[in-house]
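J.: The following block contains the structure, expressed as structure tokens.
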Amino acid sequence: PWRFVPHATGLHIHLDRQADGSFFDYRHVASLLACGAAVQNAVYASGSAGLDATLSLFPDATKPDRVASLHCTPLGVPSHEIMTAALWRRHTNRRMYATRPLPVEVCERIEHLVSEEQDATLLWATDAAQRKTLARAVYLADRVRVERRDMHEHLMRFIRFDGQAEQQGEVGQQGHTGQAGHHSHAGNGPYGDGLPLANLEAGLAGELYLRAVRPWRNMSIANALGLGRLMPLHGAMGVLRSGGIGLLLANGETETDIARAGMAWQRAWCALEHMGYAMQPLAALPLLHLRLAMGDPQTLDTAHQRLLEEAWTLLEQVLPHPKGRLPVMMFRAGVAAPIRHGTFRRPLSDFLLPAE
């Protein structure tokens with residue numbers, strides 16, 4: 001959802017509010033998180049190029065989609081090299097992780113990076129019993145995701161079932177999960193977008209299942225038979241097979257608060273990569289619960305409201321958080337084997353606007 005506008009001394013980063021349009025992107029929270037991550041990337045990149053970047057968030061009230069402006073001054077001495085290197089390596093890893101809890105020192109280091117400049121707050125759950133409770137919460141939220149036609153079809157639009165050739169000439173909408181959560185190494189092949197089927201790490205049986213339920217008609221039949229719950233069960237297993245679950249809290253509900261949380265999340269992701277840990281966003285529960293927390297429950301049917309309320313009660317048992325803070329992202333982290341299949345990337349030209 002980001003757009004870049006070069007100017008004489010740096011870069012403006014804009015939010016494209018029409019880029020997503022999915023049920024996930026309530027009040028553009030997911031897109032704002034993604035733009036915040038892009039802002040943090042720009043800060044790292046400018047430092048690695050020997051530039052000192054002065055950052056302003058939402059600097060122009062007449063341009064509400066201008067998330068940030070960077071003004072750069074040459075220093076001649078590179079900085080942020082470690083985090084910039086981690087940025088180019090970092091990716092989503094959907095494999096099962098070792099269940100050894102994350103060391104306390106690692107959790108504290110990531111918490112410190114997140115809370116820099118009071119951008120956000122991070123809570124951890126690493127105990128096996130805590131992860132078991134959160135696995136149940138993630139399962140309930142993922143049931144909502146697979147039982148809604150719009151969300152199911154949104155996911156299926158981004159899975160490349162037959163390789164990259166399927167989407168040549170098809171730009172498509174990139175939702176929050178593609179923008180900030182799922183991009184990984186694209187290799188040296190042609191540009192594109194979307195998730196290769198193998199990147200989902202579902203195994204042969206899982207891939208056959210996803211092909212079978214690709215049309216909503218088949219998915220609705222699977223849901224009626226109880227087979228639709230296989231996907232949420234896989235997500236719950238991922239929570240159990242991890243070293244810890246993180247919950248990211250924005251400091252408020254303003255767009256600035258959420259963009260700052262996106263910056264903090266990217267710092268956490270790069271730091272985990274640098275320390276050798278795998279990471280996977282778990283977006284469904286916090287992003288869907290926003291509709292209840294921010295006063296729009298009517299956009300969910302009664303059964304799905306109940307599922308999300310139960311899921312949130314479980315989450316709060318494990319990760320109670322202060323009032324006034326807005327949970328915007330969950331993720332799992334741990335030790336895992338490297339991914340075998342990356343995702344596609346679109347060319348920079350798709351995101352550049354005319355220079356000012």
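Residues in the structure tokens are named by chain (A, B, ... in the order shown) and by number from 1 within that chain; ligands are numbered from 1 in the order shown.
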Would you please give, as number ranges by chain, all residues of stretch 47-99 of chain A that DSSP assigns to strand (DSSP E or B) based on the backbone?

T.: A: 51-57, 66-74

J.: List as a short mmCIF file (atom, residue, chain, number, x, y, z; two decimals) with N, CA and C atoms, in the first residue's frame the protein and nucleic acid residues near stretch 210-227 of chain A, meaning an atom at most 10 Å away when only C-alpha atoms are counted, but skip any in the same chain fewer than 6 places from it.

T.:
data_model
loop_
_atom_site.label_atom_id
_atom_site.label_comp_id
_atom_site.auth_asym_id
_atom_site.auth_seq_id
_atom_site.Cartn_x
_atom_site.Cartn_y
_atom_site.Cartn_z
N ARG A 143 -10.97 -19.65 11.98
CA ARG A 143 -12.27 -20.17 11.53
C ARG A 143 -13.08 -19.06 10.87
N VAL A 146 -11.76 -18.58 7.28
CA VAL A 146 -12.10 -19.58 6.25
C VAL A 146 -13.60 -19.68 6.02
N GLU A 147 -14.40 -19.15 6.94
CA GLU A 147 -15.85 -19.26 6.79
C GLU A 147 -16.48 -18.05 6.11
N ARG A 148 -15.68 -17.04 5.83
CA ARG A 148 -16.18 -15.87 5.10
C ARG A 148 -15.73 -15.96 3.64
N ARG A 149 -16.69 -15.82 2.74
CA ARG A 149 -16.36 -15.94 1.32
C ARG A 149 -15.36 -14.87 0.88
N ASP A 150 -15.55 -13.62 1.32
CA ASP A 150 -14.67 -12.55 0.85
C ASP A 150 -13.23 -12.78 1.29
N HIS A 152 -11.83 -15.73 2.11
CA HIS A 152 -11.30 -16.91 1.42
C HIS A 152 -10.87 -16.56 0.01
N GLU A 153 -11.71 -15.84 -0.71
CA GLU A 153 -11.37 -15.50 -2.09
C GLU A 153 -10.21 -14.51 -2.15
N LEU A 155 -7.59 -14.52 -0.12
CA LEU A 155 -6.39 -15.33 0.00
C LEU A 155 -6.09 -16.08 -1.30
N MET A 156 -7.12 -16.69 -1.87
CA MET A 156 -6.90 -17.50 -3.06
C MET A 156 -6.41 -16.68 -4.25
N ARG A 157 -6.75 -15.39 -4.27
CA ARG A 157 -6.26 -14.54 -5.36
C ARG A 157 -4.75 -14.40 -5.34
N ILE A 159 -2.50 -16.77 -4.03
CA ILE A 159 -1.75 -18.02 -4.14
C ILE A 159 -1.52 -18.32 -5.62
N PHE A 161 -1.04 -20.99 -7.86
CA PHE A 161 -1.17 -22.43 -7.89
C PHE A 161 -0.35 -23.07 -9.00
N LEU A 197 2.54 -21.63 -4.24
CA LEU A 197 1.85 -22.59 -3.38
C LEU A 197 2.83 -23.25 -2.41
N ALA A 202 2.59 -26.31 3.19
CA ALA A 202 1.44 -27.13 3.58
C ALA A 202 1.67 -28.62 3.35
N LEU A 204 2.39 -32.01 0.65
CA LEU A 204 1.65 -32.48 -0.52
C LEU A 204 0.15 -32.58 -0.24
#

J.: For atom CA of A:His28 and atom CA of A:Ala125, determine how far apart the two atoms are, in Å to one decimal place.

T.: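 Straight-line distance from atom CA of A:His28 to atom CA of A:Ala125 works out to 27.2 Å.
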
J.: Show which residues sit within 8 Å of A:Ala271, as JSON, numbers by chain. Count only C-alpha atoms, and ignore same-chain residues fewer than 2 positions away.

T.: {"A": [83, 86, 110, 267, 268, 269, 273, 274, 275]}

J.: Restricting the output to N, CA and C atoms, write the selected residues as a PDB file, in the first residue's frame.

T.:
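Output saved as result_23.pdb:
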ATOM      1  N   MET A  83      21.308  -3.935  10.476  1.00  0.00           N
ATOM      2  CA  MET A  83      19.863  -4.063  10.285  1.00  0.00           C
ATOM      3  C   MET A  83      19.494  -4.006   8.802  1.00  0.00           C
ATOM      4  N   ALA A  86      20.050  -7.421   7.521  1.00  0.00           N
ATOM      5  CA  ALA A  86      18.962  -8.292   7.980  1.00  0.00           C
ATOM      6  C   ALA A  86      17.683  -8.018   7.200  1.00  0.00           C
ATOM      7  N   ILE A 110      14.254  -7.559  21.971  1.00  0.00           N
ATOM      8  CA  ILE A 110      13.244  -7.183  20.978  1.00  0.00           C
ATOM      9  C   ILE A 110      12.266  -6.172  21.578  1.00  0.00           C
ATOM     10  N   ARG A 267      11.476  -3.213  13.010  1.00  0.00           N
ATOM     11  CA  ARG A 267      12.709  -3.321  13.803  1.00  0.00           C
ATOM     12  C   ARG A 267      12.794  -4.679  14.486  1.00  0.00           C
ATOM     13  N   ALA A 268      11.657  -5.128  15.024  1.00  0.00           N
ATOM     14  CA  ALA A 268      11.633  -6.431  15.682  1.00  0.00           C
ATOM     15  C   ALA A 268      11.945  -7.546  14.700  1.00  0.00           C
ATOM     16  N   TRP A 269      11.352  -7.479  13.510  1.00  0.00           N
ATOM     17  CA  TRP A 269      11.532  -8.525  12.512  1.00  0.00           C
ATOM     18  C   TRP A 269      12.996  -8.593  12.072  1.00  0.00           C
ATOM     19  N   GLU A 273      15.703 -11.664  12.666  1.00  0.00           N
ATOM     20  CA  GLU A 273      16.474 -12.222  11.552  1.00  0.00           C
ATOM     21  C   GLU A 273      17.968 -12.179  11.845  1.00  0.00           C
ATOM     22  N   HIS A 274      18.440 -11.043  12.338  1.00  0.00           N
ATOM     23  CA  HIS A 274      19.861 -10.908  12.630  1.00  0.00           C
ATOM     24  C   HIS A 274      20.316 -11.931  13.666  1.00  0.00           C
ATOM     25  N   MET A 275      19.449 -12.241  14.635  1.00  0.00           N
ATOM     26  CA  MET A 275      19.815 -13.187  15.682  1.00  0.00           C
ATOM     27  C   MET A 275      19.564 -14.632  15.289  1.00  0.00           C
TER      28      MET A 275
END

J.: Find the residues near A:Leu113: any atom within 10 Å, counting only C-alpha atoms, skip ones fewer than 3 places away on the same chain, and give them as a list in words.

T.: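 Skipping anything fewer than 3 positions along the chain leaves Glu108, Arg109, Ile110, Glu116, Glu117, Gln118, Asp119, Ala120, Thr121, Leu122, Ala264, Trp265, Gln266, Arg267, Ala268 and Ala271 of chain A.
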
J.: Store the residues picked out above, limited to all heavy atoms, as a CSV table (one decimal), in the first residue's frame.

T.:
chain,number,residue,atom,x,y,z
A,108,GLU,N,13.7,-9.7,25.7
A,108,GLU,CA,14.0,-8.3,26.3
A,108,GLU,C,14.6,-7.4,25.3
A,108,GLU,O,14.3,-6.2,25.2
A,108,GLU,CB,14.8,-8.4,27.5
A,108,GLU,CG,14.1,-9.0,28.7
A,108,GLU,CD,15.0,-9.2,29.9
A,108,GLU,OE1,16.3,-9.1,29.8
A,108,GLU,OE2,14.5,-9.5,31.0
A,109,ARG,N,15.5,-8.0,24.5
A,109,ARG,CA,16.2,-7.1,23.4
A,109,ARG,C,15.2,-6.7,22.4
A,109,ARG,O,15.1,-5.5,22.0
A,109,ARG,CB,17.3,-8.0,22.7
A,109,ARG,CG,17.9,-7.3,21.6
A,109,ARG,CD,18.6,-6.0,22.0
A,109,ARG,NE,19.3,-5.3,20.9
A,109,ARG,CZ,19.6,-4.0,20.8
A,109,ARG,NH1,19.2,-3.2,21.8
A,109,ARG,NH2,20.2,-3.5,19.8
A,110,ILE,N,14.3,-7.6,22.0
A,110,ILE,CA,13.2,-7.2,21.0
A,110,ILE,C,12.3,-6.2,21.6
A,110,ILE,O,11.9,-5.2,20.9
A,110,ILE,CB,12.5,-8.4,20.5
A,110,ILE,CG1,13.5,-9.4,19.9
A,110,ILE,CG2,11.5,-8.0,19.4
A,110,ILE,CD1,14.3,-8.9,18.7
A,116,GLU,N,11.6,1.8,21.3
A,116,GLU,CA,12.4,3.0,21.0
A,116,GLU,C,11.5,4.1,20.6
A,116,GLU,O,10.5,4.0,19.9
A,116,GLU,CB,13.3,2.7,19.9
A,116,GLU,CG,14.6,1.9,20.3
A,116,GLU,CD,15.5,1.7,19.1
A,116,GLU,OE1,15.2,2.2,18.0
A,116,GLU,OE2,16.5,1.0,19.3
A,117,GLU,N,11.8,5.3,21.1
A,117,GLU,CA,11.0,6.5,20.9
A,117,GLU,C,9.5,6.3,21.3
A,117,GLU,O,8.6,7.0,20.8
A,117,GLU,CB,11.0,6.9,19.4
A,117,GLU,CG,12.4,7.0,18.8
A,117,GLU,CD,13.2,8.1,19.4
A,117,GLU,OE1,12.6,9.1,19.8
A,117,GLU,OE2,14.5,8.0,19.5
A,118,GLN,N,9.3,5.4,22.2
A,118,GLN,CA,7.9,5.1,22.6
A,118,GLN,C,7.0,4.8,21.4
A,118,GLN,O,5.8,5.1,21.5
A,118,GLN,CB,7.4,6.2,23.5
A,118,GLN,CG,8.2,6.4,24.8
A,118,GLN,CD,7.6,7.5,25.7
A,118,GLN,OE1,6.9,8.4,25.2
A,118,GLN,NE2,7.8,7.4,27.0
A,119,ASP,N,7.5,4.1,20.4
A,119,ASP,CA,6.7,3.8,19.2
A,119,ASP,C,5.6,2.8,19.5
A,119,ASP,O,4.5,2.9,18.9
A,119,ASP,CB,7.6,3.3,18.1
A,119,ASP,CG,8.3,4.4,17.4
A,119,ASP,OD1,8.0,5.6,17.6
A,119,ASP,OD2,9.3,4.1,16.6
A,120,ALA,N,5.8,1.8,20.3
A,120,ALA,CA,4.9,0.7,20.5
A,120,ALA,C,5.3,-0.1,21.8
A,120,ALA,O,6.3,0.2,22.4
A,120,ALA,CB,4.8,-0.2,19.3
A,121,THR,N,4.5,-1.1,22.1
A,121,THR,CA,4.8,-2.0,23.2
A,121,THR,C,4.7,-3.4,22.6
A,121,THR,O,3.9,-3.8,21.8
A,121,THR,CB,3.8,-1.8,24.3
A,121,THR,OG1,3.8,-0.4,24.7
A,121,THR,CG2,4.1,-2.7,25.5
A,122,LEU,N,5.6,-4.3,23.2
A,122,LEU,CA,5.6,-5.7,22.8
A,122,LEU,C,5.4,-6.6,24.0
A,122,LEU,O,6.2,-6.4,25.0
A,122,LEU,CB,6.9,-6.1,22.0
A,122,LEU,CG,7.0,-7.5,21.5
A,122,LEU,CD1,5.9,-7.8,20.5
A,122,LEU,CD2,8.4,-7.7,20.9
A,264,ALA,N,8.0,-0.1,14.5
A,264,ALA,CA,8.6,-0.9,15.5
A,264,ALA,C,8.5,-2.4,15.2
A,264,ALA,O,9.5,-3.1,15.5
A,264,ALA,CB,7.7,-0.7,16.8
A,265,TRP,N,7.5,-2.8,14.5
A,265,TRP,CA,7.4,-4.2,14.1
A,265,TRP,C,8.5,-4.6,13.1
A,265,TRP,O,9.1,-5.6,13.2
A,265,TRP,CB,6.0,-4.4,13.4
A,265,TRP,CG,5.8,-5.8,13.0
A,265,TRP,CD1,6.2,-7.0,13.6
A,265,TRP,CD2,5.1,-6.2,11.8
A,265,TRP,NE1,5.8,-8.1,12.9
A,265,TRP,CE2,5.1,-7.7,11.8
A,265,TRP,CE3,4.5,-5.5,10.8
A,265,TRP,CZ2,4.5,-8.4,10.8
A,265,TRP,CZ3,3.9,-6.3,9.8
A,265,TRP,CH2,3.9,-7.7,9.8
A,266,GLN,N,8.8,-3.7,12.2
A,266,GLN,CA,9.9,-4.0,11.3
A,266,GLN,C,11.3,-4.0,12.0
A,266,GLN,O,12.1,-4.9,11.7
A,266,GLN,CB,10.0,-2.9,10.2
A,266,GLN,CG,10.9,-3.2,9.1
A,266,GLN,CD,10.4,-4.4,8.2
A,266,GLN,OE1,9.6,-5.2,8.6
A,266,GLN,NE2,10.8,-4.4,6.9
A,267,ARG,N,11.5,-3.2,13.0
A,267,ARG,CA,12.7,-3.3,13.8
A,267,ARG,C,12.8,-4.7,14.5
A,267,ARG,O,13.9,-5.3,14.5
A,267,ARG,CB,12.8,-2.2,14.8
A,267,ARG,CG,12.9,-0.8,14.3
A,267,ARG,CD,13.4,0.2,15.3
A,267,ARG,NE,12.4,0.4,16.4
A,267,ARG,CZ,11.5,1.3,16.4
A,267,ARG,NH1,11.3,2.1,15.3
A,267,ARG,NH2,10.7,1.4,17.4
A,268,ALA,N,11.7,-5.1,15.0
A,268,ALA,CA,11.6,-6.4,15.7
A,268,ALA,C,11.9,-7.5,14.7
A,268,ALA,O,12.7,-8.5,15.0
A,268,ALA,CB,10.3,-6.7,16.3
A,271,ALA,N,15.6,-7.6,13.7
A,271,ALA,CA,16.4,-8.0,14.8
A,271,ALA,C,16.3,-9.5,15.0
A,271,ALA,O,17.3,-10.2,15.3
A,271,ALA,CB,16.0,-7.3,16.1

J.: Between atom CA of A:Tyr277 and atom CA of A:Ala45, what is the distance, to one decimal in Å?

T.: 21.8 Å

J.: Report, in Å to a single decimal, how far apart atom CA of A:Ala135 and atom CA of A:Asp296 are.

T.: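 So the answer is 25.4 Å.
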
J.: When you look at A:His341 with a cut-off of 8 Å (counting only C-alpha atoms), what residues show up, excluding the ones that are within fewer than 6 positions of it in the same chain? I need them as an MDAnalysis selection string.

T.: chainID A and resid 196 198:199

J.: Please save N, CA and C atoms of the selected residues as a PDB file, in the first residue's frame.

T.:
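Heads up, here's the output in result-v3.pdb:
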ATOM      1  N   PRO A 196       3.810 -18.326  -4.120  1.00  0.00           N
ATOM      2  CA  PRO A 196       3.858 -19.666  -4.708  1.00  0.00           C
ATOM      3  C   PRO A 196       3.253 -20.668  -3.733  1.00  0.00           C
ATOM      4  N   ALA A 198       4.026 -23.580  -2.871  1.00  0.00           N
ATOM      5  CA  ALA A 198       4.989 -24.266  -2.010  1.00  0.00           C
ATOM      6  C   ALA A 198       5.452 -23.398  -0.857  1.00  0.00           C
ATOM      7  N   ASN A 199       5.353 -22.062  -0.992  1.00  0.00           N
ATOM      8  CA  ASN A 199       5.771 -21.162   0.078  1.00  0.00           C
ATOM      9  C   ASN A 199       4.914 -21.318   1.326  1.00  0.00           C
TER      10      ASN A 199
END
